[in-house]
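Reading through the C-alpha coordinates given below for one structure.
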Amino acid sequence: MKRTTGLLFLLPQLVLAQEYWNGIPYPMNRWGVSVMGVDQKEKGDLKSASVNGIEIDKKIPNANVDFLNPHNMEVEAKVQLVKVDYFILPFLNIYGIAGKLEAEAKFDLGRGSFNFDTTGNQLHDMILGGVADKISGVMPENLHIKQKSEGKLFGGGALIAGEYKRVFSSLQYTYTKIEMDGDVAAKSAEVAAGRFGYVVYRDSNYSITPYLGASYQKTDSEISGVIPTTTLNYKFQMDLEELTPSAGVFTVIKNNFTVLLEYSFGDRKTLAIDLGYRF
(Lines give C-alpha, C1' and ligand atoms only; values in the text may rest on other atoms or scores of the structure.)
Protein backbone atom coordinates (compact mmCIF):
# COMPACT_ATOMS: atom_id res chain seq x y z
CA MET A 1 0.00 0.00 0.00
CA LYS A 2 1.44 3.34 -1.03
CA ARG A 3 1.31 6.36 1.27
CA THR A 4 -0.80 9.23 -0.05
CA THR A 5 -1.22 12.85 0.96
CA GLY A 6 -4.50 14.57 0.11
CA LEU A 7 -7.83 16.00 1.06
CA LEU A 8 -11.47 15.90 0.17
CA PHE A 9 -14.18 18.47 0.36
CA LEU A 10 -14.44 19.68 3.97
CA LEU A 11 -12.05 17.10 5.35
CA PRO A 12 -8.73 15.43 4.44
CA GLN A 13 -8.96 11.67 3.99
CA LEU A 14 -6.43 9.00 2.92
CA VAL A 15 -7.90 6.76 0.21
CA LEU A 16 -6.23 4.80 -2.61
CA ALA A 17 -6.81 6.27 -6.07
CA GLN A 18 -5.85 5.69 -9.69
CA GLU A 19 -4.70 9.18 -10.72
CA TYR A 20 -1.30 10.61 -9.78
CA TRP A 21 0.35 14.01 -9.62
CA ASN A 22 4.14 14.03 -9.21
CA GLY A 23 3.88 10.51 -7.86
CA ILE A 24 1.19 11.44 -5.34
CA PRO A 25 -2.19 9.75 -5.91
CA TYR A 26 -5.38 11.74 -5.56
CA PRO A 27 -7.25 10.83 -2.34
CA MET A 28 -10.37 9.67 -4.24
CA ASN A 29 -12.41 10.50 -7.32
CA ARG A 30 -11.65 14.08 -8.30
CA TRP A 31 -15.24 15.27 -8.77
CA GLY A 32 -17.80 15.36 -5.98
CA VAL A 33 -21.35 16.54 -5.45
CA SER A 34 -23.17 16.76 -2.12
CA VAL A 35 -26.20 18.16 -0.36
CA MET A 36 -25.88 19.85 3.00
CA GLY A 37 -28.25 21.02 5.72
CA VAL A 38 -27.22 23.55 8.38
CA ASP A 39 -29.10 24.78 11.45
CA GLN A 40 -27.40 27.69 13.21
CA LYS A 41 -28.27 29.87 16.22
CA GLU A 42 -26.22 32.91 17.18
CA LYS A 43 -26.43 35.91 19.48
CA GLY A 44 -26.34 39.22 17.63
CA ASP A 45 -23.93 42.06 18.43
CA LEU A 46 -25.63 45.37 17.64
CA LYS A 47 -23.45 47.65 15.51
CA SER A 48 -25.85 50.54 14.85
CA ALA A 49 -29.56 51.33 14.97
CA SER A 50 -32.09 53.87 13.82
CA VAL A 51 -35.59 54.65 15.09
CA ASN A 52 -37.90 56.96 13.13
CA GLY A 53 -34.95 58.03 10.99
CA ILE A 54 -32.68 58.95 13.94
CA GLU A 55 -29.33 57.33 13.17
CA ILE A 56 -27.47 55.77 16.08
CA ASP A 57 -23.92 54.48 15.85
CA LYS A 58 -22.50 52.53 18.77
CA LYS A 59 -18.94 52.72 17.50
CA ILE A 60 -18.70 56.51 17.71
CA PRO A 61 -17.69 57.48 21.28
CA ASN A 62 -19.67 60.32 22.89
CA ALA A 63 -21.89 60.53 19.82
CA ASN A 64 -24.46 62.38 21.95
CA VAL A 65 -27.42 60.53 20.45
CA ASP A 66 -30.04 58.14 21.76
CA PHE A 67 -29.02 54.48 21.61
CA LEU A 68 -31.48 51.65 21.17
CA ASN A 69 -30.39 48.47 22.89
CA PRO A 70 -32.64 45.43 22.25
CA HIS A 71 -32.28 42.59 24.73
CA ASN A 72 -31.81 38.85 24.18
CA MET A 73 -31.15 39.29 20.46
CA GLU A 74 -30.74 35.96 18.63
CA VAL A 75 -30.62 35.00 14.97
CA GLU A 76 -31.46 31.48 13.76
CA ALA A 77 -30.73 30.36 10.20
CA LYS A 78 -31.63 27.17 8.34
CA VAL A 79 -29.64 26.54 5.15
CA GLN A 80 -29.99 23.92 2.40
CA LEU A 81 -27.02 23.76 0.01
CA VAL A 82 -25.78 21.92 -3.06
CA LYS A 83 -22.00 21.75 -3.45
CA VAL A 84 -19.78 20.72 -6.34
CA ASP A 85 -16.07 20.26 -5.72
CA TYR A 86 -12.96 19.28 -7.68
CA PHE A 87 -9.40 18.27 -6.83
CA ILE A 88 -6.92 20.54 -8.58
CA LEU A 89 -4.08 18.80 -6.75
CA PRO A 90 -4.10 15.94 -4.24
CA PHE A 91 -3.77 18.51 -1.44
CA LEU A 92 -5.94 21.29 -2.94
CA ASN A 93 -9.70 21.20 -3.46
CA ILE A 94 -11.97 23.97 -4.78
CA TYR A 95 -15.76 24.10 -4.63
CA GLY A 96 -18.87 26.08 -5.44
CA ILE A 97 -22.05 26.24 -3.38
CA ALA A 98 -25.62 27.43 -3.94
CA GLY A 99 -28.83 27.09 -1.98
CA LYS A 100 -31.60 28.71 0.01
CA LEU A 101 -31.72 30.28 3.45
CA GLU A 102 -34.45 30.84 6.03
CA ALA A 103 -33.67 33.27 8.86
CA GLU A 104 -35.51 34.34 11.99
CA ALA A 105 -34.43 37.13 14.35
CA LYS A 106 -35.77 37.31 17.91
CA PHE A 107 -35.33 40.08 20.47
CA ASP A 108 -37.03 41.87 23.36
CA LEU A 109 -37.83 45.56 23.08
CA GLY A 110 -39.51 48.03 25.43
CA ARG A 111 -39.20 51.40 27.13
CA GLY A 112 -36.27 50.07 29.16
CA SER A 113 -34.33 49.45 25.94
CA PHE A 114 -33.74 53.16 25.35
CA ASN A 115 -30.87 55.11 26.86
CA PHE A 116 -30.61 58.88 26.33
CA ASP A 117 -27.33 60.74 26.40
CA THR A 118 -26.97 64.33 27.67
CA THR A 119 -24.10 66.66 26.87
CA GLY A 120 -24.88 70.02 28.43
CA ASN A 121 -25.78 71.28 24.95
CA GLN A 122 -29.23 72.80 25.47
CA LEU A 123 -30.40 72.48 21.86
CA HIS A 124 -29.16 68.92 21.61
CA ASP A 125 -30.79 67.92 24.88
CA MET A 126 -34.10 69.50 23.85
CA ILE A 127 -34.08 67.41 20.66
CA LEU A 128 -33.26 64.22 22.57
CA GLY A 129 -35.83 65.05 25.20
CA GLY A 130 -38.53 65.31 22.54
CA VAL A 131 -37.57 61.98 21.05
CA ALA A 132 -37.47 60.36 24.47
CA ASP A 133 -40.93 61.67 25.35
CA LYS A 134 -42.33 60.43 22.05
CA ILE A 135 -40.89 56.92 22.39
CA SER A 136 -41.79 56.60 26.08
CA GLY A 137 -45.32 57.71 25.35
CA VAL A 138 -46.08 55.00 22.79
CA MET A 139 -43.75 52.13 23.72
CA PRO A 140 -45.16 49.18 25.71
CA GLU A 141 -43.27 48.09 28.79
CA ASN A 142 -41.87 45.05 26.99
CA LEU A 143 -42.28 43.35 23.61
CA HIS A 144 -40.97 40.06 22.24
CA ILE A 145 -40.43 40.53 18.50
CA LYS A 146 -39.80 37.93 15.79
CA GLN A 147 -38.79 38.74 12.22
CA LYS A 148 -38.63 36.08 9.49
CA SER A 149 -37.09 36.18 6.02
CA GLU A 150 -36.10 33.87 3.16
CA GLY A 151 -33.46 34.16 0.48
CA LYS A 152 -30.77 32.52 -1.58
CA LEU A 153 -27.01 32.26 -1.36
CA PHE A 154 -24.12 31.32 -3.63
CA GLY A 155 -20.35 31.32 -3.37
CA GLY A 156 -17.28 29.16 -3.23
CA GLY A 157 -14.02 28.41 -1.53
CA ALA A 158 -10.95 26.25 -1.21
CA LEU A 159 -9.47 23.75 1.19
CA ILE A 160 -5.85 22.69 1.66
CA ALA A 161 -4.79 19.81 3.89
CA GLY A 162 -2.27 17.10 4.57
CA GLU A 163 -2.09 13.78 6.37
CA TYR A 164 0.73 11.81 7.98
CA LYS A 165 0.31 8.38 9.61
CA ARG A 166 -3.48 8.85 9.87
CA VAL A 167 -3.13 12.26 11.55
CA PHE A 168 -4.44 15.13 9.45
CA SER A 169 -4.90 18.89 9.55
CA SER A 170 -6.75 21.22 7.21
CA LEU A 171 -7.55 24.87 6.52
CA GLN A 172 -10.67 25.98 4.65
CA TYR A 173 -12.11 29.32 3.50
CA THR A 174 -15.60 30.00 2.10
CA TYR A 175 -17.09 33.25 0.82
CA THR A 176 -20.85 33.51 0.25
CA LYS A 177 -23.11 36.21 -1.20
CA ILE A 178 -26.56 36.34 0.39
CA GLU A 179 -29.75 37.85 -1.06
CA MET A 180 -32.70 38.02 1.33
CA ASP A 181 -36.34 39.02 1.05
CA GLY A 182 -38.35 40.55 3.88
CA ASP A 183 -37.15 42.31 7.02
CA VAL A 184 -34.08 40.21 7.87
CA ALA A 185 -31.30 40.92 5.38
CA ALA A 186 -27.72 39.68 5.05
CA LYS A 187 -25.24 40.76 2.39
CA SER A 188 -22.36 38.31 2.72
CA ALA A 189 -20.74 35.70 4.93
CA GLU A 190 -17.14 34.57 5.36
CA VAL A 191 -16.13 31.37 7.11
CA ALA A 192 -12.59 30.18 7.87
CA ALA A 193 -12.13 26.80 9.54
CA GLY A 194 -9.26 24.67 10.81
CA ARG A 195 -9.51 20.98 11.69
CA PHE A 196 -7.29 18.37 13.31
CA GLY A 197 -8.20 14.67 13.51
CA TYR A 198 -7.27 11.02 13.30
CA VAL A 199 -8.49 8.13 11.11
CA VAL A 200 -9.57 5.60 13.73
CA TYR A 201 -10.69 2.90 11.28
CA ARG A 202 -10.11 2.17 7.61
CA ASP A 203 -10.44 -0.77 5.26
CA SER A 204 -11.17 -1.10 1.55
CA ASN A 205 -14.88 -0.39 2.00
CA TYR A 206 -15.28 1.80 5.05
CA SER A 207 -13.51 4.48 7.10
CA ILE A 208 -14.30 6.62 10.16
CA THR A 209 -12.51 9.88 10.94
CA PRO A 210 -13.40 11.95 14.03
CA TYR A 211 -11.91 15.44 14.37
CA LEU A 212 -11.82 18.64 16.42
CA GLY A 213 -11.70 22.11 14.97
CA ALA A 214 -12.44 25.81 15.23
CA SER A 215 -14.20 28.16 12.84
CA TYR A 216 -14.40 31.92 12.42
CA GLN A 217 -17.54 33.35 10.84
CA LYS A 218 -18.32 36.96 9.94
CA THR A 219 -21.75 37.97 8.66
CA ASP A 220 -23.23 41.42 8.05
CA SER A 221 -26.96 41.38 8.88
CA GLU A 222 -29.75 43.91 9.06
CA ILE A 223 -33.20 43.73 10.71
CA SER A 224 -35.93 46.28 10.06
CA GLY A 225 -39.62 46.62 10.80
CA VAL A 226 -42.34 48.46 12.71
CA ILE A 227 -42.47 48.23 16.49
CA PRO A 228 -45.81 46.52 17.29
CA THR A 229 -48.58 48.73 18.71
CA THR A 230 -46.65 51.85 17.60
CA THR A 231 -45.91 53.81 14.44
CA LEU A 232 -42.16 53.73 15.13
CA ASN A 233 -39.83 52.11 12.58
CA TYR A 234 -36.60 50.45 13.64
CA LYS A 235 -33.53 49.24 11.80
CA PHE A 236 -30.71 47.28 13.43
CA GLN A 237 -27.31 46.71 11.80
CA MET A 238 -25.57 43.72 13.36
CA ASP A 239 -22.14 42.14 13.25
CA LEU A 240 -22.36 38.38 13.67
CA GLU A 241 -18.75 37.51 14.29
CA GLU A 242 -17.61 34.56 16.35
CA LEU A 243 -14.72 32.12 16.79
CA THR A 244 -16.22 28.84 17.95
CA PRO A 245 -14.93 25.30 18.59
CA SER A 246 -16.37 22.32 16.76
CA ALA A 247 -16.31 18.53 16.68
CA GLY A 248 -17.30 16.13 13.94
CA VAL A 249 -16.97 12.77 12.28
CA PHE A 250 -16.48 11.91 8.63
CA THR A 251 -17.33 8.53 7.07
CA VAL A 252 -16.47 7.12 3.63
CA ILE A 253 -18.38 4.14 2.21
CA LYS A 254 -17.11 2.22 -0.82
CA ASN A 255 -14.83 5.17 -1.75
CA ASN A 256 -17.82 6.94 -3.37
CA PHE A 257 -20.33 7.83 -0.68
CA THR A 258 -19.46 10.29 2.08
CA VAL A 259 -21.24 11.37 5.27
CA LEU A 260 -20.18 14.33 7.40
CA LEU A 261 -21.68 15.34 10.75
CA GLU A 262 -20.35 18.44 12.55
CA TYR A 263 -21.43 20.42 15.60
CA SER A 264 -20.15 23.85 16.66
CA PHE A 265 -20.79 25.05 20.21
CA GLY A 266 -20.42 28.24 22.23
CA ASP A 267 -22.16 31.54 21.43
CA ARG A 268 -22.78 30.22 17.93
CA LYS A 269 -24.33 26.75 17.82
CA THR A 270 -24.31 24.98 14.46
CA LEU A 271 -25.37 21.51 13.40
CA ALA A 272 -24.33 20.50 9.85
CA ILE A 273 -25.00 17.29 7.92
CA ASP A 274 -23.39 16.64 4.52
CA LEU A 275 -24.22 13.69 2.20
CA GLY A 276 -21.95 13.34 -0.83
CA TYR A 277 -21.09 11.23 -3.85
CA ARG A 278 -17.77 11.21 -5.73
CA PHE A 279 -17.29 10.32 -9.39
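Every chain in the C-alpha coordinates has a letter given in the order shown (A, B, ...), and although residue numbers restart at 1 in each chain, ligands are simply numbered from 1 in the order shown.
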For the contact check between stretch 144-246 of chain A and stretch 250-261 of chain A, emit one row per residue of stretch 144-246 of chain A within 7 Å, containing the shortest atom pair and the distance in Å rounded to one decimal, counting only C-alpha atoms, chain then rising number order, as a tab-separated table.
residue	atom	partner	partner_atom	distance
A:Asn205	CA	A:Lys254	CA	4.4
A:Tyr206	CA	A:Ile253	CA	4.8
A:Ser207	CA	A:Val252	CA	5.3
A:Ile208	CA	A:Thr251	CA	4.7
A:Thr209	CA	A:Phe250	CA	5.0
A:Pro210	CA	A:Phe250	CA	6.2
Go ahead and write the residues just picked, all heavy atoms, as an mmCIF file, in the first residue's frame.
data_model
loop_
_atom_site.group_PDB
_atom_site.id
_atom_site.type_symbol
_atom_site.label_atom_id
_atom_site.label_comp_id
_atom_site.auth_asym_id
_atom_site.auth_seq_id
_atom_site.Cartn_x
_atom_site.Cartn_y
_atom_site.Cartn_z
ATOM 1 N N ASN A 205 -13.499 -0.774 2.227
ATOM 2 C CA ASN A 205 -14.883 -0.390 1.996
ATOM 3 C C ASN A 205 -15.413 0.686 2.940
ATOM 4 O O ASN A 205 -16.482 1.248 2.685
ATOM 5 C CB ASN A 205 -15.800 -1.618 2.131
ATOM 6 C CG ASN A 205 -15.526 -2.646 1.059
ATOM 7 O OD1 ASN A 205 -15.328 -2.311 -0.107
ATOM 8 N ND2 ASN A 205 -15.495 -3.912 1.460
ATOM 9 N N TYR A 206 -14.678 0.995 3.999
ATOM 10 C CA TYR A 206 -15.283 1.803 5.048
ATOM 11 C C TYR A 206 -14.199 2.508 5.845
ATOM 12 O O TYR A 206 -13.132 1.945 6.103
ATOM 13 C CB TYR A 206 -16.083 0.874 5.966
ATOM 14 C CG TYR A 206 -17.005 1.558 6.943
ATOM 15 C CD1 TYR A 206 -18.167 2.170 6.514
ATOM 16 C CD2 TYR A 206 -16.703 1.561 8.300
ATOM 17 C CE1 TYR A 206 -19.029 2.775 7.424
ATOM 18 C CE2 TYR A 206 -17.554 2.155 9.220
ATOM 19 C CZ TYR A 206 -18.719 2.765 8.768
ATOM 20 O OH TYR A 206 -19.561 3.357 9.664
ATOM 21 N N SER A 207 -14.453 3.761 6.229
ATOM 22 C CA SER A 207 -13.509 4.475 7.098
ATOM 23 C C SER A 207 -14.263 5.447 7.990
ATOM 24 O O SER A 207 -15.326 5.960 7.616
ATOM 25 C CB SER A 207 -12.457 5.223 6.289
ATOM 26 O OG SER A 207 -13.032 6.320 5.603
ATOM 27 N N ILE A 208 -13.712 5.698 9.188
ATOM 28 C CA ILE A 208 -14.296 6.622 10.161
ATOM 29 C C ILE A 208 -13.208 7.574 10.636
ATOM 30 O O ILE A 208 -12.140 7.142 11.061
ATOM 31 C CB ILE A 208 -14.901 5.882 11.358
ATOM 32 C CG1 ILE A 208 -15.972 4.888 10.902
ATOM 33 C CG2 ILE A 208 -15.493 6.867 12.366
ATOM 34 C CD1 ILE A 208 -16.525 4.036 12.023
ATOM 35 N N THR A 209 -13.496 8.872 10.584
ATOM 36 C CA THR A 209 -12.506 9.878 10.938
ATOM 37 C C THR A 209 -13.138 10.941 11.839
ATOM 38 O O THR A 209 -13.797 11.860 11.345
ATOM 39 C CB THR A 209 -11.931 10.566 9.689
ATOM 40 O OG1 THR A 209 -11.465 9.578 8.784
ATOM 41 C CG2 THR A 209 -10.794 11.506 10.054
ATOM 42 N N PRO A 210 -12.950 10.865 13.152
ATOM 43 C CA PRO A 210 -13.395 11.955 14.030
ATOM 44 C C PRO A 210 -12.369 13.094 14.041
ATOM 45 O O PRO A 210 -11.174 12.867 13.769
ATOM 46 C CB PRO A 210 -13.490 11.286 15.398
ATOM 47 C CG PRO A 210 -12.494 10.178 15.328
ATOM 48 C CD PRO A 210 -12.442 9.712 13.902
#
When distances are computed from only C-alpha atoms, which of A:Glu163, A:Glu42, A:Asp267, A:Glu74 shows the smallest separation from A:Ala105?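 Checking each candidate against A:Ala105, we get A:Glu74 as the closest.
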Just checking: using only C-alpha atoms, which residue out of A:Leu101, A:Leu92, A:Ile227, A:Val84 ends up closest to A:Gln40?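 Smallest separation from A:Gln40 among the options: A:Leu101.
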Report as number ranges by chain all protein, DNA and RNA residues lying within 8 Å of A:Ala272, evaluated on only C-alpha atoms, omitting residues in the same chain fewer than 5 positions from it. A: 36-39, 260-263
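Atom CA of A:Glu179 to atom CA of A:Lys100 spans 9.4 Å [interatomic distance, one decimal].
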Separating atom CA of A:Val33 from atom CA of A:Val199, to the nearest tenth of an Å, is a gap of 22.6 Å
Identify which of the residues A:Arg278, A:Ile94, A:Leu171, A:Gly248 lies closest to A:Met28, counting only C-alpha atoms when measuring atom-to-atom distances.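 The answer is A:Arg278, which sits nearest to A:Met28.
One distance worth recording is that between atom CA of A:Lys165 and atom CA of A:Asp203, which is 14.8 Å.
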For A:Phe168: contacts at 7 Å, only C-alpha atoms, fewer than 6 positions along chain excluded, given as an mmCIF file with all heavy atoms, in the first residue's frame:
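Once everything was written out, this is selection-v7.cif:
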data_model
loop_
_atom_site.group_PDB
_atom_site.id
_atom_site.type_symbol
_atom_site.label_atom_id
_atom_site.label_comp_id
_atom_site.auth_asym_id
_atom_site.auth_seq_id
_atom_site.Cartn_x
_atom_site.Cartn_y
_atom_site.Cartn_z
ATOM 1 N N PRO A 12 -9.717 16.270 5.078
ATOM 2 C CA PRO A 12 -8.730 15.425 4.438
ATOM 3 C C PRO A 12 -8.987 13.951 4.756
ATOM 4 O O PRO A 12 -9.405 13.617 5.842
ATOM 5 C CB PRO A 12 -7.401 15.900 5.027
ATOM 6 C CG PRO A 12 -7.754 16.521 6.305
ATOM 7 C CD PRO A 12 -9.149 17.067 6.158
ATOM 8 N N GLY A 162 -3.268 18.160 4.677
ATOM 9 C CA GLY A 162 -2.272 17.102 4.571
ATOM 10 C C GLY A 162 -2.476 16.064 5.653
ATOM 11 O O GLY A 162 -3.107 16.334 6.682
ATOM 12 N N PHE A 196 -8.379 19.270 12.957
ATOM 13 C CA PHE A 196 -7.291 18.368 13.310
ATOM 14 C C PHE A 196 -7.926 17.061 13.780
ATOM 15 O O PHE A 196 -8.767 17.061 14.673
ATOM 16 C CB PHE A 196 -6.437 18.977 14.425
ATOM 17 C CG PHE A 196 -5.230 18.168 14.787
ATOM 18 C CD1 PHE A 196 -4.061 18.268 14.048
ATOM 19 C CD2 PHE A 196 -5.274 17.303 15.862
ATOM 20 C CE1 PHE A 196 -2.941 17.521 14.383
ATOM 21 C CE2 PHE A 196 -4.169 16.551 16.209
ATOM 22 C CZ PHE A 196 -2.990 16.663 15.465
ATOM 23 N N GLY A 197 -7.546 15.925 13.162
ATOM 24 C CA GLY A 197 -8.197 14.672 13.506
ATOM 25 C C GLY A 197 -7.342 13.455 13.258
ATOM 26 O O GLY A 197 -6.154 13.554 12.906
ATOM 27 N N TYR A 198 -7.967 12.295 13.423
ATOM 28 C CA TYR A 198 -7.265 11.016 13.302
ATOM 29 C C TYR A 198 -8.203 9.972 12.706
ATOM 30 O O TYR A 198 -9.371 9.872 13.094
ATOM 31 C CB TYR A 198 -6.796 10.552 14.680
ATOM 32 C CG TYR A 198 -5.978 9.277 14.639
ATOM 33 C CD1 TYR A 198 -4.630 9.308 14.278
ATOM 34 C CD2 TYR A 198 -6.558 8.058 14.962
ATOM 35 C CE1 TYR A 198 -3.878 8.145 14.245
ATOM 36 C CE2 TYR A 198 -5.813 6.888 14.928
ATOM 37 C CZ TYR A 198 -4.472 6.935 14.564
ATOM 38 O OH TYR A 198 -3.731 5.785 14.519
#
Which of stretch 142-244 of chain A end up as strand (DSSP E) when DSSP is run on this backbone - answer as a count of residues only? 86
